[in-house]
file final_1.pdb (PDB, C-alpha atoms, pLDDT in the B column)
ATOM      1  CA  MET N1123      56.717  34.343  98.463  1.00 55.00           C
ATOM      2  CA  THR N1124      56.623  31.927 101.405  1.00 65.00           C
ATOM      3  CA  ALA N1125      53.940  32.839 103.926  1.00 76.00           C
ATOM      4  CA  PRO N1126      55.131  33.508 107.522  1.00 88.00           C
ATOM      5  CA  TYR N1127      52.610  30.994 108.825  1.00 95.00           C
ATOM      6  CA  ALA N1128      51.382  27.511 108.016  1.00 94.00           C
ATOM      7  CA  VAL N1129      47.916  26.008 107.722  1.00 96.00           C
ATOM      8  CA  HIS N1130      47.964  23.297 110.380  1.00 95.00           C
ATOM      9  CA  TRP N1131      44.440  21.956 110.006  1.00 96.00           C
ATOM     10  CA  VAL N1132      41.239  22.483 108.026  1.00 96.00           C
ATOM     11  CA  THR N1133      37.773  21.920 109.447  1.00 96.00           C
ATOM     12  CA  ALA N1134      34.696  21.902 107.218  1.00 97.00           C
ATOM     13  CA  PHE N1135      31.481  23.290 108.675  1.00 98.00           C
ATOM     14  CA  LEU N1136      28.072  22.200 107.442  1.00 98.00           C
ATOM     15  CA  ASP N1137      25.973  25.360 107.787  1.00 97.00           C
ATOM     16  CA  ARG N1138      22.390  24.214 108.082  1.00 97.00           C
ATOM     17  CA  PRO N1139      19.119  25.898 109.175  1.00 97.00           C
ATOM     18  CA  ALA N1140      19.069  26.247 112.954  1.00 97.00           C
ATOM     19  CA  ASP N1141      15.565  24.763 113.187  1.00 96.00           C
ATOM     20  CA  GLN N1142      16.849  21.567 111.523  1.00 97.00           C
ATOM     21  CA  PHE N1143      19.917  21.155 113.712  1.00 98.00           C
ATOM     22  CA  ASP N1144      18.793  17.939 115.422  1.00 98.00           C
ATOM     23  CA  SER N1145      17.730  16.191 112.225  1.00 98.00           C
ATOM     24  CA  MET N1146      20.958  17.245 110.500  1.00 98.00           C
ATOM     25  CA  ALA N1147      22.994  15.939 113.429  1.00 98.00           C
ATOM     26  CA  THR N1148      21.196  12.597 113.240  1.00 98.00           C
ATOM     27  CA  PHE N1149      21.611  12.301 109.482  1.00 98.00           C
ATOM     28  CA  TRP N1150      25.274  13.274 109.289  1.00 98.00           C
ATOM     29  CA  THR N1151      26.451  11.159 112.214  1.00 98.00           C
ATOM     30  CA  ALA N1152      24.932   8.099 110.545  1.00 98.00           C
ATOM     31  CA  ALA N1153      26.148   9.095 107.069  1.00 98.00           C
ATOM     32  CA  THR N1154      29.747   9.626 108.190  1.00 98.00           C
ATOM     33  CA  GLY N1155      30.014   6.960 110.897  1.00 97.00           C
ATOM     34  CA  THR N1156      30.779   9.540 113.574  1.00 98.00           C
ATOM     35  CA  THR N1157      29.405  10.461 116.973  1.00 98.00           C
ATOM     36  CA  LEU N1158      28.201  13.914 117.970  1.00 98.00           C
ATOM     37  CA  SER N1159      29.893  16.042 120.605  1.00 98.00           C
ATOM     38  CA  PRO N1160      27.812  17.999 123.136  1.00 98.00           C
ATOM     39  CA  ARG N1161      26.303  21.133 121.625  1.00 98.00           C
ATOM     40  CA  ARG N1162      28.021  24.404 122.457  1.00 97.00           C
ATOM     41  CA  GLY N1163      27.860  28.102 121.724  1.00 96.00           C
ATOM     42  CA  GLU N1164      25.677  30.903 123.039  1.00 94.00           C
ATOM     43  CA  HIS N1165      22.651  29.403 121.300  1.00 95.00           C
ATOM     44  CA  ALA N1166      23.901  25.777 121.274  1.00 97.00           C
ATOM     45  CA  GLU N1167      24.503  26.269 117.560  1.00 97.00           C
ATOM     46  CA  PHE N1168      27.704  24.236 117.222  1.00 98.00           C
ATOM     47  CA  ALA N1169      28.599  20.543 117.429  1.00 98.00           C
ATOM     48  CA  THR N1170      31.487  18.387 116.208  1.00 98.00           C
ATOM     49  CA  PHE N1171      31.260  15.084 114.349  1.00 98.00           C
ATOM     50  CA  LEU N1172      33.792  12.947 116.204  1.00 98.00           C
ATOM     51  CA  PRO N1173      35.569  10.276 114.135  1.00 96.00           C
ATOM     52  CA  PRO N1174      36.386   6.810 115.528  1.00 93.00           C
ATOM     53  CA  GLU N1175      40.002   7.969 115.964  1.00 96.00           C
ATOM     54  CA  GLY N1176      42.012  11.081 115.172  1.00 96.00           C
ATOM     55  CA  ASP N1177      41.041  14.737 115.002  1.00 96.00           C
ATOM     56  CA  ALA N1178      37.707  15.935 113.694  1.00 96.00           C
ATOM     57  CA  THR N1179      37.477  17.555 110.258  1.00 95.00           C
ATOM     58  CA  LEU N1180      33.711  18.077 110.191  1.00 97.00           C
ATOM     59  CA  LYS N1181      31.411  20.252 112.306  1.00 98.00           C
ATOM     60  CA  LEU N1182      27.799  21.422 112.246  1.00 98.00           C
ATOM     61  CA  GLN N1183      26.558  24.974 112.688  1.00 98.00           C
ATOM     62  CA  GLY N1184      22.946  26.053 112.926  1.00 97.00           C
ATOM     63  CA  VAL N1185      22.521  29.279 110.966  1.00 96.00           C
ATOM     64  CA  GLY N1186      19.793  31.636 109.821  1.00 94.00           C
ATOM     65  CA  ASP N1187      21.148  31.856 106.265  1.00 88.00           C
ATOM     66  CA  ALA N1188      22.539  28.661 104.774  1.00 84.00           C
ATOM     67  CA  SER N1189      22.947  30.113 101.268  1.00 87.00           C
ATOM     68  CA  HIS N1190      26.659  29.240 100.988  1.00 92.00           C
ATOM     69  CA  GLY N1191      26.162  25.669 102.217  1.00 94.00           C
ATOM     70  CA  GLY N1192      29.113  25.749 104.590  1.00 96.00           C
ATOM     71  CA  HIS N1193      32.442  27.319 105.422  1.00 97.00           C
ATOM     72  CA  VAL N1194      35.923  26.275 106.476  1.00 97.00           C
ATOM     73  CA  ASP N1195      38.061  27.051 109.518  1.00 98.00           C
ATOM     74  CA  PHE N1196      41.823  27.189 109.021  1.00 97.00           C
ATOM     75  CA  GLU N1197      43.957  26.510 112.071  1.00 97.00           C
ATOM     76  CA  VAL N1198      47.087  28.593 111.448  1.00 97.00           C
ATOM     77  CA  THR N1199      50.399  28.956 113.260  1.00 97.00           C
ATOM     78  CA  ASP N1200      50.287  32.776 113.190  1.00 98.00           C
ATOM     79  CA  LEU N1201      46.785  34.237 113.235  1.00 98.00           C
ATOM     80  CA  GLU N1202      47.723  37.871 112.597  1.00 97.00           C
ATOM     81  CA  ALA N1203      50.039  37.005 109.716  1.00 97.00           C
ATOM     82  CA  ALA N1204      47.388  34.781 108.131  1.00 98.00           C
ATOM     83  CA  ARG N1205      44.750  37.510 108.396  1.00 98.00           C
ATOM     84  CA  ASP N1206      47.112  40.067 106.849  1.00 97.00           C
ATOM     85  CA  ARG N1207      47.949  37.660 104.036  1.00 97.00           C
ATOM     86  CA  ALA N1208      44.257  37.064 103.383  1.00 98.00           C
ATOM     87  CA  HIS N1209      43.730  40.825 103.094  1.00 98.00           C
ATOM     88  CA  GLU N1210      46.662  41.132 100.686  1.00 97.00           C
ATOM     89  CA  LEU N1211      45.074  38.469  98.502  1.00 97.00           C
ATOM     90  CA  GLY N1212      41.721  40.281  98.401  1.00 98.00           C
ATOM     91  CA  ALA N1213      39.747  38.889 101.341  1.00 98.00           C
ATOM     92  CA  VAL N1214      37.459  41.133 103.370  1.00 98.00           C
ATOM     93  CA  SER N1215      37.089  40.913 107.153  1.00 98.00           C
ATOM     94  CA  VAL N1216      33.561  40.324 108.460  1.00 97.00           C
ATOM     95  CA  ALA N1217      34.256  40.084 112.202  1.00 97.00           C
ATOM     96  CA  ASP N1218      37.304  40.401 114.457  1.00 96.00           C
ATOM     97  CA  LEU N1219      36.641  38.210 117.498  1.00 95.00           C
ATOM     98  CA  ASP N1220      40.249  38.086 118.703  1.00 94.00           C
ATOM     99  CA  THR N1221      41.127  34.398 118.301  1.00 96.00           C
ATOM    100  CA  LEU N1222      38.414  34.006 115.658  1.00 97.00           C
ATOM    101  CA  GLN N1223      38.795  35.989 112.460  1.00 98.00           C
ATOM    102  CA  VAL N1224      35.789  35.805 110.128  1.00 98.00           C
ATOM    103  CA  LEU N1225      36.454  36.735 106.484  1.00 98.00           C
ATOM    104  CA  ARG N1226      35.140  36.379 102.957  1.00 97.00           C
ATOM    105  CA  SER N1227      37.110  35.458  99.865  1.00 97.00           C
ATOM    106  CA  PRO N1228      37.163  37.837  96.876  1.00 97.00           C
ATOM    107  CA  ALA N1229      34.124  36.059  95.407  1.00 95.00           C
ATOM    108  CA  GLY N1230      32.308  36.062  98.751  1.00 95.00           C
ATOM    109  CA  LEU N1231      32.900  32.614 100.249  1.00 96.00           C
ATOM    110  CA  PRO N1232      33.012  32.730 104.080  1.00 96.00           C
ATOM    111  CA  PHE N1233      35.925  31.272 106.030  1.00 98.00           C
ATOM    112  CA  CYS N1234      37.521  31.624 109.454  1.00 98.00           C
ATOM    113  CA  LEU N1235      41.066  31.797 110.770  1.00 98.00           C
ATOM    114  CA  VAL N1236      41.758  30.399 114.239  1.00 98.00           C
ATOM    115  CA  PRO N1237      44.876  29.419 116.221  1.00 98.00           C
ATOM    116  CA  VAL N1238      46.138  25.833 116.246  1.00 97.00           C
ATOM    117  CA  ARG N1239      43.803  23.790 118.431  1.00 95.00           C
ATOM    118  CA  CYS N1240      44.314  20.124 117.539  1.00 95.00           C
ATOM    119  CA  GLU N1241      47.269  17.783 117.209  1.00 95.00           C
ATOM    120  CA  GLY N1242      46.671  17.241 113.501  1.00 94.00           C
ATOM    121  CA  VAL N1243      46.042  13.489 113.492  1.00 95.00           C
ATOM    122  CA  ARG N1244      44.183  12.354 110.365  1.00 94.00           C
ATOM    123  CA  PRO N1245      40.766  10.935 111.306  1.00 95.00           C
ATOM    124  CA  ALA N1246      40.140   7.243 110.906  1.00 95.00           C
ATOM    125  CA  ILE N1247      38.037   5.990 108.027  1.00 96.00           C
ATOM    126  CA  ALA N1248      34.593   4.987 109.330  1.00 97.00           C
ATOM    127  CA  ASP N1249      32.832   1.690 108.702  1.00 97.00           C
ATOM    128  CA  THR N1250      29.163   2.315 107.946  1.00 97.00           C
ATOM    129  CA  SER N1251      26.271   0.249 106.591  1.00 97.00           C
ATOM    130  CA  GLY N1252      27.142   1.812 103.233  1.00 97.00           C
ATOM    131  CA  GLY N1253      30.789   0.783 103.340  1.00 98.00           C
ATOM    132  CA  ARG N1254      33.953   2.565 104.416  1.00 97.00           C
ATOM    133  CA  ILE N1255      33.725   6.343 104.129  1.00 97.00           C
ATOM    134  CA  ILE N1256      35.498   9.565 105.043  1.00 97.00           C
ATOM    135  CA  ALA N1257      34.626  13.229 104.543  1.00 95.00           C
ATOM    136  CA  ASP N1258      37.957  14.442 103.201  1.00 93.00           C
ATOM    137  CA  GLN N1259      37.275  17.016 100.500  1.00 95.00           C
ATOM    138  CA  VAL N1260      35.704  20.471 100.491  1.00 97.00           C
ATOM    139  CA  ALA N1261      34.377  21.452  97.080  1.00 96.00           C
ATOM    140  CA  LEU N1262      34.157  25.134  96.150  1.00 97.00           C
ATOM    141  CA  ASP N1263      31.578  25.755  93.425  1.00 95.00           C
ATOM    142  CA  ILE N1264      32.681  28.906  91.605  1.00 95.00           C
ATOM    143  CA  GLY N1265      31.394  30.741  88.549  1.00 94.00           C
ATOM    144  CA  PRO N1266      33.597  31.138  85.454  1.00 94.00           C
ATOM    145  CA  GLN N1267      34.110  34.868  86.039  1.00 94.00           C
ATOM    146  CA  ASP N1268      35.593  34.272  89.493  1.00 95.00           C
ATOM    147  CA  PHE N1269      37.336  30.932  89.024  1.00 94.00           C
ATOM    148  CA  GLN N1270      40.849  32.087  88.172  1.00 94.00           C
ATOM    149  CA  ASP N1271      40.969  34.697  90.928  1.00 95.00           C
ATOM    150  CA  GLU N1272      39.483  32.332  93.527  1.00 96.00           C
ATOM    151  CA  THR N1273      41.953  29.593  92.621  1.00 95.00           C
ATOM    152  CA  ALA N1274      44.836  32.031  93.055  1.00 96.00           C
ATOM    153  CA  PHE N1275      43.354  33.271  96.334  1.00 97.00           C
ATOM    154  CA  TRP N1276      42.953  29.877  97.992  1.00 97.00           C
ATOM    155  CA  ALA N1277      46.330  28.670  96.739  1.00 96.00           C
ATOM    156  CA  GLY N1278      47.971  31.831  98.060  1.00 96.00           C
ATOM    157  CA  LEU N1279      46.228  31.641 101.417  1.00 97.00           C
ATOM    158  CA  THR N1280      46.987  27.967 102.072  1.00 96.00           C
ATOM    159  CA  GLY N1281      50.375  27.735 100.372  1.00 94.00           C
ATOM    160  CA  TRP N1282      49.185  24.464  98.803  1.00 94.00           C
ATOM    161  CA  GLN N1283      49.971  23.340  95.287  1.00 88.00           C
ATOM    162  CA  THR N1284      47.320  23.098  92.593  1.00 89.00           C
ATOM    163  CA  ALA N1285      46.976  19.940  90.526  1.00 83.00           C
ATOM    164  CA  GLU N1286      44.832  18.783  87.638  1.00 76.00           C
ATOM    165  CA  ALA N1287      41.831  16.602  88.398  1.00 76.00           C
ATOM    166  CA  VAL N1288      39.976  14.004  86.318  1.00 73.00           C
ATOM    167  CA  ARG N1289      38.029  16.699  84.425  1.00 81.00           C
ATOM    168  CA  ARG N1290      39.052  20.090  83.085  1.00 83.00           C
ATOM    169  CA  GLU N1291      36.535  22.011  85.200  1.00 87.00           C
ATOM    170  CA  PHE N1292      38.150  20.789  88.429  1.00 91.00           C
ATOM    171  CA  THR N1293      41.335  21.917  90.164  1.00 93.00           C
ATOM    172  CA  VAL N1294      42.665  20.103  93.239  1.00 93.00           C
ATOM    173  CA  LEU N1295      44.322  22.049  96.030  1.00 94.00           C
ATOM    174  CA  ALA N1296      45.973  19.792  98.602  1.00 88.00           C
ATOM    175  CA  PRO N1297      48.566  19.996 101.378  1.00 87.00           C
ATOM    176  CA  ALA N1298      51.866  18.178 100.997  1.00 79.00           C
ATOM    177  CA  ARG N1299      50.886  15.784 103.800  1.00 79.00           C
ATOM    178  CA  ARG N1300      47.407  14.320 103.499  1.00 76.00           C
ATOM    179  CA  ARG N1301      45.848  14.811 106.911  1.00 81.00           C
ATOM    180  CA  SER N1302      42.877  17.151 107.039  1.00 84.00           C
ATOM    181  CA  ALA N1303      40.500  17.994 104.209  1.00 89.00           C
ATOM    182  CA  ARG N1304      41.773  19.082 100.819  1.00 92.00           C
ATOM    183  CA  PHE N1305      39.999  21.425  98.373  1.00 96.00           C
ATOM    184  CA  LEU N1306      38.419  20.774  95.010  1.00 95.00           C
ATOM    185  CA  LEU N1307      37.625  23.921  93.058  1.00 96.00           C
ATOM    186  CA  GLN N1308      34.858  23.414  90.502  1.00 94.00           C
ATOM    187  CA  ARG N1309      34.379  25.871  87.652  1.00 94.00           C
ATOM    188  CA  LEU N1310      30.646  26.072  86.981  1.00 91.00           C
ATOM    189  CA  GLY N1311      29.324  26.457  83.450  1.00 89.00           C
ATOM    190  CA  GLU N1312      27.376  29.608  84.273  1.00 87.00           C
ATOM    191  CA  GLN N1313      27.890  32.437  86.718  1.00 87.00           C
ATOM    192  CA  PRO N1314      25.748  31.687  89.821  1.00 82.00           C
ATOM    193  CA  ALA N1315      24.138  34.207  92.165  1.00 83.00           C
ATOM    194  CA  GLY N1316      26.988  33.412  94.546  1.00 83.00           C
ATOM    195  CA  PRO N1317      29.650  30.728  95.117  1.00 90.00           C
ATOM    196  CA  ARG N1318      28.844  27.742  97.305  1.00 94.00           C
ATOM    197  CA  ILE N1319      30.639  25.106  99.328  1.00 96.00           C
ATOM    198  CA  HIS N1320      29.707  21.445  99.503  1.00 97.00           C
ATOM    199  CA  LEU N1321      31.239  18.331 101.034  1.00 97.00           C
ATOM    200  CA  ASP N1322      32.688  15.356  99.127  1.00 97.00           C
ATOM    201  CA  LEU N1323      32.951  11.941 100.771  1.00 98.00           C
ATOM    202  CA  ALA N1324      35.310   9.223  99.544  1.00 97.00           C
ATOM    203  CA  CYS N1325      33.593   5.818  99.508  1.00 97.00           C
ATOM    204  CA  SER N1326      34.826   2.258  99.254  1.00 97.00           C
ATOM    205  CA  ASP N1327      31.561   1.300  97.508  1.00 97.00           C
ATOM    206  CA  ARG N1328      29.733   4.268  96.002  1.00 97.00           C
ATOM    207  CA  SER N1329      26.608   2.313  95.062  1.00 97.00           C
ATOM    208  CA  ALA N1330      26.277   0.942  98.585  1.00 98.00           C
ATOM    209  CA  ALA N1331      26.856   4.386 100.069  1.00 98.00           C
ATOM    210  CA  VAL N1332      24.188   5.939  97.832  1.00 98.00           C
ATOM    211  CA  ALA N1333      21.661   3.286  98.812  1.00 98.00           C
ATOM    212  CA  TYR N1334      22.456   3.658 102.507  1.00 98.00           C
ATOM    213  CA  HIS N1335      22.248   7.443 102.473  1.00 98.00           C
ATOM    214  CA  CYS N1336      18.869   7.221 100.764  1.00 98.00           C
ATOM    215  CA  THR N1337      17.572   5.104 103.653  1.00 98.00           C
ATOM    216  CA  LEU N1338      18.680   7.923 105.969  1.00 98.00           C
ATOM    217  CA  GLY N1339      16.607  10.496 104.090  1.00 98.00           C
ATOM    218  CA  ALA N1340      18.963  11.726 101.361  1.00 98.00           C
ATOM    219  CA  ARG N1341      18.047  11.682  97.693  1.00 98.00           C
ATOM    220  CA  VAL N1342      19.976  11.312  94.451  1.00 98.00           C
ATOM    221  CA  VAL N1343      20.236  14.515  92.403  1.00 98.00           C
ATOM    222  CA  ALA N1344      22.559  13.418  89.579  1.00 97.00           C
ATOM    223  CA  GLU N1345      24.824  10.515  88.596  1.00 96.00           C
ATOM    224  CA  HIS N1346      28.244  11.030  87.017  1.00 93.00           C
ATOM    225  CA  ASP N1347      31.114   8.724  86.059  1.00 91.00           C
ATOM    226  CA  PHE N1348      33.040   9.128  89.306  1.00 93.00           C
ATOM    227  CA  TRP N1349      30.594  10.754  91.697  1.00 95.00           C
ATOM    228  CA  THR N1350      26.936  10.981  92.694  1.00 98.00           C
ATOM    229  CA  VAL N1351      25.378  14.295  93.637  1.00 98.00           C
ATOM    230  CA  MET N1352      23.172  13.907  96.707  1.00 98.00           C
ATOM    231  CA  SER N1353      20.825  16.131  98.655  1.00 98.00           C
ATOM    232  CA  ASP N1354      20.653  15.758 102.435  1.00 98.00           C
ATOM    233  CA  PRO N1355      17.242  16.007 104.173  1.00 97.00           C
ATOM    234  CA  SER N1356      17.623  19.808 104.475  1.00 96.00           C
ATOM    235  CA  GLY N1357      18.050  20.128 100.700  1.00 96.00           C
ATOM    236  CA  ALA N1358      21.788  20.892 100.827  1.00 96.00           C
ATOM    237  CA  LEU N1359      23.982  19.231  98.212  1.00 96.00           C
ATOM    238  CA  TYR N1360      26.964  16.943  98.800  1.00 98.00           C
ATOM    239  CA  CYS N1361      28.735  14.275  96.760  1.00 98.00           C
ATOM    240  CA  LEU N1362      29.624  10.627  97.213  1.00 98.00           C
ATOM    241  CA  THR N1363      32.721   9.828  95.160  1.00 97.00           C
ATOM    242  CA  SER N1364      34.556   6.763  93.901  1.00 96.00           C
ATOM    243  CA  ARG N1365      37.816   7.995  95.414  1.00 94.00           C
ATOM    244  CA  ASP N1366      39.557   5.494  97.661  1.00 94.00           C
ATOM    245  CA  PRO N1367      39.037   6.535 101.310  1.00 94.00           C
ATOM    246  CA  THR N1368      42.662   5.756 102.156  1.00 92.00           C
ATOM    247  CA  THR N1369      44.494   7.357  99.238  1.00 88.00           C
ATOM    248  CA  GLY N1370      41.956   9.884  97.953  1.00 87.00           C
ATOM    249  CA  ARG N1371      42.560   8.627  94.404  1.00 85.00           C
ATOM    250  CA  LEU N1372      39.959   7.182  92.099  1.00 85.00           C
ATOM    251  CA  ALA N1373      39.524   3.529  92.933  1.00 73.00           C
ATOM    252  CA  ASP N1374      39.944   2.420  89.307  1.00 58.00           C
ATOM    253  CA  ARG N1375      43.160   4.375  88.741  1.00 48.00           C
TER     254      ARG N1375
END

call {"tool": "encode", "arguments": {"input": "final_1.pdb", "output": "structure tokens"}}
result
Amino acid sequence: MTAPYAVHWVTAFLDRPADQFDSMATFWTAATGTTLSPRRGEHAEFATFLPPEGDATLKLQGVGDASHGGHVDFEVTDLEAARDRAHELGAVSVADLDTLQVLRSPAGLPFCLVPVRCEGVRPAIADTSGGRIIADQVALDIGPQDFQDETAFWAGLTGWQTAEAVRREFTVLAPARRRSARFLLQRLGEQPAGPRIHLDLACSDRSAAVAYHCTLGARVVAEHDFWTVMSDPSGALYCLTSRDPTTGRLADR
């Protein structure tokens, strides 16, 4: 069934402890080659990482509970229809703030639905001291018991097609036109206490990016064939990948 709405844009939020907001803003602007917007919100808890050109796909929120690591906002062409569709697929509403609908997926991942707010221009790739880089992928870390249902939920909500990734535990979920962030669903080996979200960054030179991020205060958690798991100064995980920043494909493929 074709949904009576379209996902126009996806914004990834880094949910980080409110008392570390300034240090997280400093780290992530340098790591992504962006500049920070003025803070906003009732408690100045929000800011946007502005790319050199194009629309932003990454924002920062200071929170009291950062257990999920982040969340996503979907800009949709029909807010009510998108909310109803989410409910049909098993989502639960958390807050109805008129033009901001806060929900949780069947497994408990938070997300928001909002009206279309940006033009939808893909952000420019940033030049940093660690090479060219772009934050273009939201990874959903899901336990084996929830993986099939969560994959069906996010595919049904977005209307995007699923595709195989480089390893069997990954499923890619991407829009037909590559503009805002795509999703990578990762099936964990064991059932966690709860699902999490982390950010993946495509790098022109992964080794250089790892070294640069370490000078900013990050640390290496694990090395894999195509990606490096990192921890930002707050302890939150993210990945630097060998995907080409322009195409999103592995650089050696």

call {"tool": "residues_around", "arguments": {"input": "final_1.pdb", "residues": "Thr1368 in chain N", "least_positions_apart": "2", "cutoff": "12 Å", "atoms": "only C-alpha atoms", "output": "NGL selection string"}}
result
:N and (1244-1248 or 1254-1258 or 1300-1301 or 1323-1326 or 1364-1366 or 1370-1373)

call {"tool": "write_last_selection", "arguments": {"input": "final_1.pdb", "atoms": "C-alpha atoms", "output": "mmCIF file, keeping the file's coordinate frame"}}
result
data_model
loop_
_atom_site.group_PDB
_atom_site.id
_atom_site.type_symbol
_atom_site.label_atom_id
_atom_site.label_comp_id
_atom_site.auth_asym_id
_atom_site.auth_seq_id
_atom_site.Cartn_x
_atom_site.Cartn_y
_atom_site.Cartn_z
ATOM 1 C CA ARG N 1244 44.183 12.354 110.365
ATOM 2 C CA PRO N 1245 40.766 10.935 111.306
ATOM 3 C CA ALA N 1246 40.140 7.243 110.906
ATOM 4 C CA ILE N 1247 38.037 5.990 108.027
ATOM 5 C CA ALA N 1248 34.593 4.987 109.330
ATOM 6 C CA ARG N 1254 33.953 2.565 104.416
ATOM 7 C CA ILE N 1255 33.725 6.343 104.129
ATOM 8 C CA ILE N 1256 35.498 9.565 105.043
ATOM 9 C CA ALA N 1257 34.626 13.229 104.543
ATOM 10 C CA ASP N 1258 37.957 14.442 103.201
ATOM 11 C CA ARG N 1300 47.407 14.320 103.499
ATOM 12 C CA ARG N 1301 45.848 14.811 106.911
ATOM 13 C CA LEU N 1323 32.951 11.941 100.771
ATOM 14 C CA ALA N 1324 35.310 9.223 99.544
ATOM 15 C CA CYS N 1325 33.593 5.818 99.508
ATOM 16 C CA SER N 1326 34.826 2.258 99.254
ATOM 17 C CA SER N 1364 34.556 6.763 93.901
ATOM 18 C CA ARG N 1365 37.816 7.995 95.414
ATOM 19 C CA ASP N 1366 39.557 5.494 97.661
ATOM 20 C CA GLY N 1370 41.956 9.884 97.953
ATOM 21 C CA ARG N 1371 42.560 8.627 94.404
ATOM 22 C CA LEU N 1372 39.959 7.182 92.099
ATOM 23 C CA ALA N 1373 39.524 3.529 92.933
#

call {"tool": "closest_residue", "arguments": {"input": "final_1.pdb", "among": "N:Ser1215, N:Thr1151, N:Leu1279, N:Asp1177", "to": "Pro1126 in chain N", "atoms": "only C-alpha atoms"}}
result
N:Leu1279

call {"tool": "residues_around", "arguments": {"input": "final_1.pdb", "residues": "Gly1357 in chain N", "least_positions_apart": "4", "cutoff": "12 Å", "atoms": "all atoms listed in the file", "output": "short mmCIF file (atom, residue, chain, number, x, y, z; two decimals) with C-alpha atoms, in the coordinates of the input"}}
result
data_model
loop_
_atom_site.label_atom_id
_atom_site.label_comp_id
_atom_site.auth_asym_id
_atom_site.auth_seq_id
_atom_site.Cartn_x
_atom_site.Cartn_y
_atom_site.Cartn_z
CA ASP N 1137 25.97 25.36 107.79
CA ARG N 1138 22.39 24.21 108.08
CA PRO N 1139 19.12 25.90 109.18
CA GLN N 1142 16.85 21.57 111.52
CA MET N 1146 20.96 17.24 110.50
CA ALA N 1188 22.54 28.66 104.77
CA SER N 1189 22.95 30.11 101.27
CA GLY N 1191 26.16 25.67 102.22
CA HIS N 1320 29.71 21.44 99.50
CA GLY N 1339 16.61 10.50 104.09
CA ALA N 1340 18.96 11.73 101.36
CA ARG N 1341 18.05 11.68 97.69
CA VAL N 1342 19.98 11.31 94.45
CA VAL N 1343 20.24 14.52 92.40
CA VAL N 1351 25.38 14.30 93.64
CA MET N 1352 23.17 13.91 96.71
CA SER N 1353 20.82 16.13 98.66
#

call {"tool": "closest_residue", "arguments": {"input": "final_1.pdb", "among": "N:Leu1307, N:Ala1315, N:Ala1178, N:Ala1128", "to": "Cys1240 in chain N", "atoms": "only C-alpha atoms"}}
result
N:Ala1178

call {"tool": "residues_around", "arguments": {"input": "final_1.pdb", "residues": "Thr1133 in chain N", "least_positions_apart": "3", "cutoff": "10 Å", "atoms": "only C-alpha atoms", "output": "list in words"}}
result
Leu1136, Thr1170, Asp1177, Ala1178, Thr1179, Leu1180, Lys1181, His1193, Val1194, Asp1195, Phe1196, Glu1197, Cys1234, Asp1258, Val1260, Ser1302, Ala1303 and Arg1304 of chain N

call {"tool": "residues_around", "arguments": {"input": "final_1.pdb", "residues": "Ala1153 in chain N", "least_positions_apart": "5", "cutoff": "9 Å", "atoms": "all atoms listed in the file", "output": "list in words"}}
result
Thr1148, Thr1250, Ser1251, Gly1252, Ile1255, Ala1331, Tyr1334, His1335 and Leu1338 of chain N

call {"tool": "resolve_selection", "arguments": {"input": "final_1.pdb", "expression": "the PyMOL selection byres ((chain N and resi 1296) around 10)", "output": "number ranges by chain"}}
result
N: 1259, 1277, 1280-1285, 1293-1295, 1297-1306

call {"tool": "resolve_selection", "arguments": {"input": "final_1.pdb", "expression": "the PyMOL selection byres ((chain N and resi 1203-1208) around 12)", "output": "ChimeraX atom specification"}}
result
/N:1123-1130,1196-1202,1209-1218,1220-1228,1233-1237,1272,1274-1281

call {"tool": "write_last_selection", "arguments": {"input": "final_1.pdb", "atoms": "C-alpha atoms", "output": "short mmCIF file (atom, residue, chain, number, x, y, z; two decimals), in the frame of the given file"}}
result
data_model
loop_
_atom_site.label_atom_id
_atom_site.label_comp_id
_atom_site.auth_asym_id
_atom_site.auth_seq_id
_atom_site.Cartn_x
_atom_site.Cartn_y
_atom_site.Cartn_z
CA MET N 1123 56.72 34.34 98.46
CA THR N 1124 56.62 31.93 101.40
CA ALA N 1125 53.94 32.84 103.93
CA PRO N 1126 55.13 33.51 107.52
CA TYR N 1127 52.61 30.99 108.82
CA ALA N 1128 51.38 27.51 108.02
CA VAL N 1129 47.92 26.01 107.72
CA HIS N 1130 47.96 23.30 110.38
CA PHE N 1196 41.82 27.19 109.02
CA GLU N 1197 43.96 26.51 112.07
CA VAL N 1198 47.09 28.59 111.45
CA THR N 1199 50.40 28.96 113.26
CA ASP N 1200 50.29 32.78 113.19
CA LEU N 1201 46.78 34.24 113.24
CA GLU N 1202 47.72 37.87 112.60
CA HIS N 1209 43.73 40.83 103.09
CA GLU N 1210 46.66 41.13 100.69
CA LEU N 1211 45.07 38.47 98.50
CA GLY N 1212 41.72 40.28 98.40
CA ALA N 1213 39.75 38.89 101.34
CA VAL N 1214 37.46 41.13 103.37
CA SER N 1215 37.09 40.91 107.15
CA VAL N 1216 33.56 40.32 108.46
CA ALA N 1217 34.26 40.08 112.20
CA ASP N 1218 37.30 40.40 114.46
CA ASP N 1220 40.25 38.09 118.70
CA THR N 1221 41.13 34.40 118.30
CA LEU N 1222 38.41 34.01 115.66
CA GLN N 1223 38.80 35.99 112.46
CA VAL N 1224 35.79 35.80 110.13
CA LEU N 1225 36.45 36.74 106.48
CA ARG N 1226 35.14 36.38 102.96
CA SER N 1227 37.11 35.46 99.86
CA PRO N 1228 37.16 37.84 96.88
CA PHE N 1233 35.92 31.27 106.03
CA CYS N 1234 37.52 31.62 109.45
CA LEU N 1235 41.07 31.80 110.77
CA VAL N 1236 41.76 30.40 114.24
CA PRO N 1237 44.88 29.42 116.22
CA GLU N 1272 39.48 32.33 93.53
CA ALA N 1274 44.84 32.03 93.06
CA PHE N 1275 43.35 33.27 96.33
CA TRP N 1276 42.95 29.88 97.99
CA ALA N 1277 46.33 28.67 96.74
CA GLY N 1278 47.97 31.83 98.06
CA LEU N 1279 46.23 31.64 101.42
CA THR N 1280 46.99 27.97 102.07
CA GLY N 1281 50.38 27.74 100.37
#
